[in-house]
Amino acid sequence: MHYFTHKAAHATPIIPLSPPLLASWLKQQDARTRNWVKAQSFNAEPATTLLVPSENGEIACVLAGVEATIGTWSLAHVPAALPAGSYALEAKWKPAQLAEAALGFALAQYQFGRYKPTKPKALTLQLPKAVDIAAIEAKREAIALVRDLINTPANDMGPAQLAKAAREVAKRTGARFSEIVGEDLLKKNYPAIHAVGRAAAQAPRLIELTHGKPSHPLVVLVGKGVTFDTGGLDIKPYASMKLMKKDMGGAALVLGLAQLVIAAKLPIRLRVLIPAVENSVSGDAFRPQDVIHSRKGLTIEIGSTDAEGRLILADALTEGDSSKPALLIDIATLTGAARTALAANGTSTRA
């Protein structure tokens, strides 16, 4: 599906207006348009949309209420109000602002169609030639990848399927893929990853992608890949467990970011590390007060088996740091700890 073009025949204008600009725009319109806008009580409030008809009943233009500060989501409300067709963004914005708003326009049309057929509308947005359409599309595709991975339930997104997704990213981008699986984690000294994931039906693993020239600065991305978190023997209550398919969000994000970085041809050497496990319950599950080893050589006494994220990340971060990167970024769904640290409202859950 093509979201953007530099040239479209018969494109309907989309005119973003903030409340202060509406009055001046109306002064330049004919009485019919002014009366229509007034009759619809359209005041250009943010996140509002109005289709303005022509004399023959077609859409003459689309008015989109926006805030004065333009960002990614400025036009995200517009696609839902539009019929299929070609549209042209008419705004005196800088190319960077146009690109950000266009990205949100496309992201608002995202649908997860793996299990239920979707019927996306064919909407094409015309943009000035100064806007890099390829760069917007690369961002959209990377974000769609992240959303698809996180939205996929754990029965179809275990450690093996996460590794498959990483392999597909490597194939698309020309990156190199490797993984260390099951008992090989012990042989190659990743004991914490193995301890957390050994109870699950699918073997734990450390997934790795690499890309770039040796002469470029090294950037390491480490993403938490807990494909489902029951809490282990310290099992979570239902309210906390029901969204735990998202606990591999860090892994999804580093895969999407890697795809985007490679597409942008940034002059860096990239290394992606994903410890992928399911924190499950079985006779082989690790227990509270177990003492496990880590790649760093430190031993760790388990206070709660629902604190599995920091265990698998410990091994992955030790490995990532050993390559002496110029930059190391760790991405993990430690939402409960974040809420506690920031004294925010909500139920705290261990990660």
# chains A, B, ... in the order shown; residues from 1 in each chain; ligands from 1

$ residues_around --residues "Leu218 of chain A" --least-positions-apart "2" --cutoff "6 Å" --atoms "only C-alpha atoms" --output "tab-separated table (two decimals) with all heavy atoms, in the first residue's frame"
chain	number	residue	atom	x	y	z
A	269	ARG	N	28.49	0.94	13.35
A	269	ARG	CA	28.52	-0.52	13.38
A	269	ARG	C	27.52	-0.95	14.45
A	269	ARG	O	27.63	-0.54	15.61
A	269	ARG	CB	29.94	-1.00	13.71
A	269	ARG	CG	30.11	-2.52	13.73
A	269	ARG	CD	31.58	-2.89	13.61
A	269	ARG	NE	32.44	-2.14	14.51
A	269	ARG	CZ	32.97	-2.63	15.64
A	269	ARG	NH1	32.70	-3.87	16.00
A	269	ARG	NH2	33.75	-1.88	16.39
A	270	LEU	N	26.58	-1.74	14.06
A	270	LEU	CA	25.45	-2.07	14.93
A	270	LEU	C	25.55	-3.50	15.44
A	270	LEU	O	25.86	-4.43	14.69
A	270	LEU	CB	24.15	-1.89	14.14
A	270	LEU	CG	22.83	-1.88	14.91
A	270	LEU	CD1	22.78	-0.71	15.90
A	270	LEU	CD2	21.66	-1.80	13.94
A	325	PRO	N	31.57	-0.76	23.31
A	325	PRO	CA	30.86	0.09	22.35
A	325	PRO	C	31.02	1.57	22.65
A	325	PRO	O	31.27	1.97	23.79
A	325	PRO	CB	29.39	-0.35	22.53
A	325	PRO	CG	29.32	-0.78	23.96
A	325	PRO	CD	30.66	-1.43	24.25
A	326	ALA	N	30.84	2.39	21.61
A	326	ALA	CA	30.78	3.83	21.80
A	326	ALA	C	29.49	4.22	22.51
A	326	ALA	O	29.44	5.20	23.24
A	326	ALA	CB	30.88	4.54	20.45

$ residues_around --residues "Ala285 of chain A" --least-positions-apart "6" --cutoff "12 Å" --atoms "only C-alpha atoms" --output "list in words"
His194, Ala195, Val196, Gly197, Arg198, Ala199, Ala200, Ala201, Thr230, Gly231, Gly232, Leu233, Asp234, Ile235, Glu278, Asn279, Thr305, Asp306 and Glu308 of chain A

$ write_last_selection --atoms "N, CA and C atoms" --output "PDB file, in the first residue's frame"
ATOM      1  N   HIS A 194      19.682 -18.754  30.797  1.00  0.00           N
ATOM      2  CA  HIS A 194      19.246 -20.153  30.822  1.00  0.00           C
ATOM      3  C   HIS A 194      18.359 -20.430  32.031  1.00  0.00           C
ATOM      4  N   ALA A 195      18.722 -19.911  33.183  1.00  0.00           N
ATOM      5  CA  ALA A 195      17.959 -20.190  34.406  1.00  0.00           C
ATOM      6  C   ALA A 195      16.533 -19.677  34.302  1.00  0.00           C
ATOM      7  N   VAL A 196      16.359 -18.487  33.752  1.00  0.00           N
ATOM      8  CA  VAL A 196      15.017 -17.911  33.647  1.00  0.00           C
ATOM      9  C   VAL A 196      14.172 -18.676  32.643  1.00  0.00           C
ATOM     10  N   GLY A 197      14.753 -19.075  31.517  1.00  0.00           N
ATOM     11  CA  GLY A 197      13.949 -19.640  30.437  1.00  0.00           C
ATOM     12  C   GLY A 197      13.864 -21.148  30.390  1.00  0.00           C
ATOM     13  N   ARG A 198      14.553 -21.847  31.274  1.00  0.00           N
ATOM     14  CA  ARG A 198      14.639 -23.306  31.131  1.00  0.00           C
ATOM     15  C   ARG A 198      13.324 -24.023  31.402  1.00  0.00           C
ATOM     16  N   ALA A 199      12.389 -23.398  32.114  1.00  0.00           N
ATOM     17  CA  ALA A 199      11.138 -24.072  32.468  1.00  0.00           C
ATOM     18  C   ALA A 199      10.126 -24.081  31.331  1.00  0.00           C
ATOM     19  N   ALA A 200      10.346 -23.291  30.299  1.00  0.00           N
ATOM     20  CA  ALA A 200       9.356 -23.154  29.231  1.00  0.00           C
ATOM     21  C   ALA A 200       9.485 -24.263  28.196  1.00  0.00           C
ATOM     22  N   ALA A 201       8.417 -24.450  27.412  1.00  0.00           N
ATOM     23  CA  ALA A 201       8.424 -25.459  26.358  1.00  0.00           C
ATOM     24  C   ALA A 201       9.429 -25.111  25.267  1.00  0.00           C
ATOM     25  N   THR A 230       4.768 -15.111  33.215  1.00  0.00           N
ATOM     26  CA  THR A 230       3.781 -15.546  34.215  1.00  0.00           C
ATOM     27  C   THR A 230       4.130 -15.021  35.606  1.00  0.00           C
ATOM     28  N   GLY A 231       5.373 -14.586  35.761  1.00  0.00           N
ATOM     29  CA  GLY A 231       5.908 -14.279  37.083  1.00  0.00           C
ATOM     30  C   GLY A 231       6.695 -15.438  37.645  1.00  0.00           C
ATOM     31  N   GLY A 232       6.647 -16.587  36.937  1.00  0.00           N
ATOM     32  CA  GLY A 232       7.322 -17.777  37.456  1.00  0.00           C
ATOM     33  C   GLY A 232       6.605 -18.309  38.685  1.00  0.00           C
ATOM     34  N   LEU A 233       7.341 -18.929  39.582  1.00  0.00           N
ATOM     35  CA  LEU A 233       6.716 -19.492  40.790  1.00  0.00           C
ATOM     36  C   LEU A 233       6.113 -18.401  41.662  1.00  0.00           C
ATOM     37  N   ASP A 234       6.632 -17.196  41.607  1.00  0.00           N
ATOM     38  CA  ASP A 234       5.978 -16.037  42.231  1.00  0.00           C
ATOM     39  C   ASP A 234       4.958 -15.487  41.237  1.00  0.00           C
ATOM     40  N   ILE A 235       3.956 -16.280  40.976  1.00  0.00           N
ATOM     41  CA  ILE A 235       3.070 -16.051  39.838  1.00  0.00           C
ATOM     42  C   ILE A 235       2.284 -14.744  39.978  1.00  0.00           C
ATOM     43  N   GLU A 278      10.783 -17.404  27.860  1.00  0.00           N
ATOM     44  CA  GLU A 278       9.459 -17.320  28.464  1.00  0.00           C
ATOM     45  C   GLU A 278       9.619 -17.652  29.938  1.00  0.00           C
ATOM     46  N   ASN A 279       9.133 -16.784  30.790  1.00  0.00           N
ATOM     47  CA  ASN A 279       9.220 -17.021  32.234  1.00  0.00           C
ATOM     48  C   ASN A 279       8.005 -17.845  32.626  1.00  0.00           C
ATOM     49  N   THR A 305      10.901 -14.575  41.563  1.00  0.00           N
ATOM     50  CA  THR A 305      11.046 -15.067  40.190  1.00  0.00           C
ATOM     51  C   THR A 305      10.338 -14.155  39.192  1.00  0.00           C
ATOM     52  N   ASP A 306       9.609 -13.170  39.705  1.00  0.00           N
ATOM     53  CA  ASP A 306       8.963 -12.190  38.832  1.00  0.00           C
ATOM     54  C   ASP A 306       9.883 -11.006  38.561  1.00  0.00           C
ATOM     55  N   GLU A 308      12.518 -11.341  36.592  1.00  0.00           N
ATOM     56  CA  GLU A 308      13.314 -12.086  35.617  1.00  0.00           C
ATOM     57  C   GLU A 308      14.020 -11.201  34.597  1.00  0.00           C
TER      58      GLU A 308
END

$ select_by_dssp --residues "segment 13-101 of chain A" --states "helix (DSSP H, G or I)" --output "PyMOL selection string"
chain A and resi 19-27+31-39+79-81+95-101

$ select_by_dssp --residues "segment 24-213 of chain A" --states "strand (DSSP E or B)" --output "ChimeraX atom specification"
/A:49-53,59-65,85-89,123-126,176-181,205-211

$ closest_atom_pairs --of "segment 84-140 of chain A" --to "segment 56-70 of chain A" --cutoff "12 Å" --atoms "only C-alpha atoms" --output "CSV"
residue,atom,partner,partner_atom,distance
A:Ala84,CA,A:Ile59,CA,11.6
A:Gly85,CA,A:Ile59,CA,10.6
A:Ser86,CA,A:Ile59,CA,11.3
A:Tyr87,CA,A:Val62,CA,8.9
A:Ala88,CA,A:Cys61,CA,9.4
A:Leu89,CA,A:Val62,CA,9.6
A:Glu90,CA,A:Cys61,CA,10.0
A:Ala91,CA,A:Ala64,CA,10.8
A:Lys92,CA,A:Ile70,CA,11.4
A:Trp93,CA,A:Ile70,CA,8.6
A:Lys94,CA,A:Ile70,CA,9.9
A:Pro95,CA,A:Ile70,CA,11.5
A:Ala96,CA,A:Ile70,CA,9.9
A:Gln97,CA,A:Ile70,CA,6.3
A:Leu98,CA,A:Ile70,CA,8.6
A:Ala99,CA,A:Ile70,CA,10.4
A:Glu100,CA,A:Ile70,CA,8.2
A:Ala101,CA,A:Ile70,CA,7.2
A:Ala102,CA,A:Ile70,CA,10.9
A:Gly104,CA,A:Ile70,CA,11.0
A:Phe105,CA,A:Ala64,CA,11.7

$ atom_distance --atom1 "atom CA of Ala175 of chain A" --atom2 "atom CA of Thr5 of chain A"
29.2 Å

$ closest_residue --among "A:Lys236, A:Pro20, A:Gln111, A:Leu50" --to "Thr33 of chain A" --atoms "only C-alpha atoms"
A:Leu50

$ closest_residue --among "A:Thr118, A:Gln126, A:Thr48, A:Thr72" --to "Thr12 of chain A" --atoms "only C-alpha atoms"
A:Gln126

$ residues_around --residues "segment 163-166 of chain A" --least-positions-apart "4" --cutoff "8 Å" --atoms "only C-alpha atoms" --output "list in words"
Pro159, Ala170, Phe177, Glu179, Ile207, Leu209, Leu255 and Ala276 of chain A

$ closest_residue --among "A:Ile150, A:Ala47, A:Leu253, A:Leu260" --to "Glu137 of chain A" --atoms "only C-alpha atoms"
A:Leu260
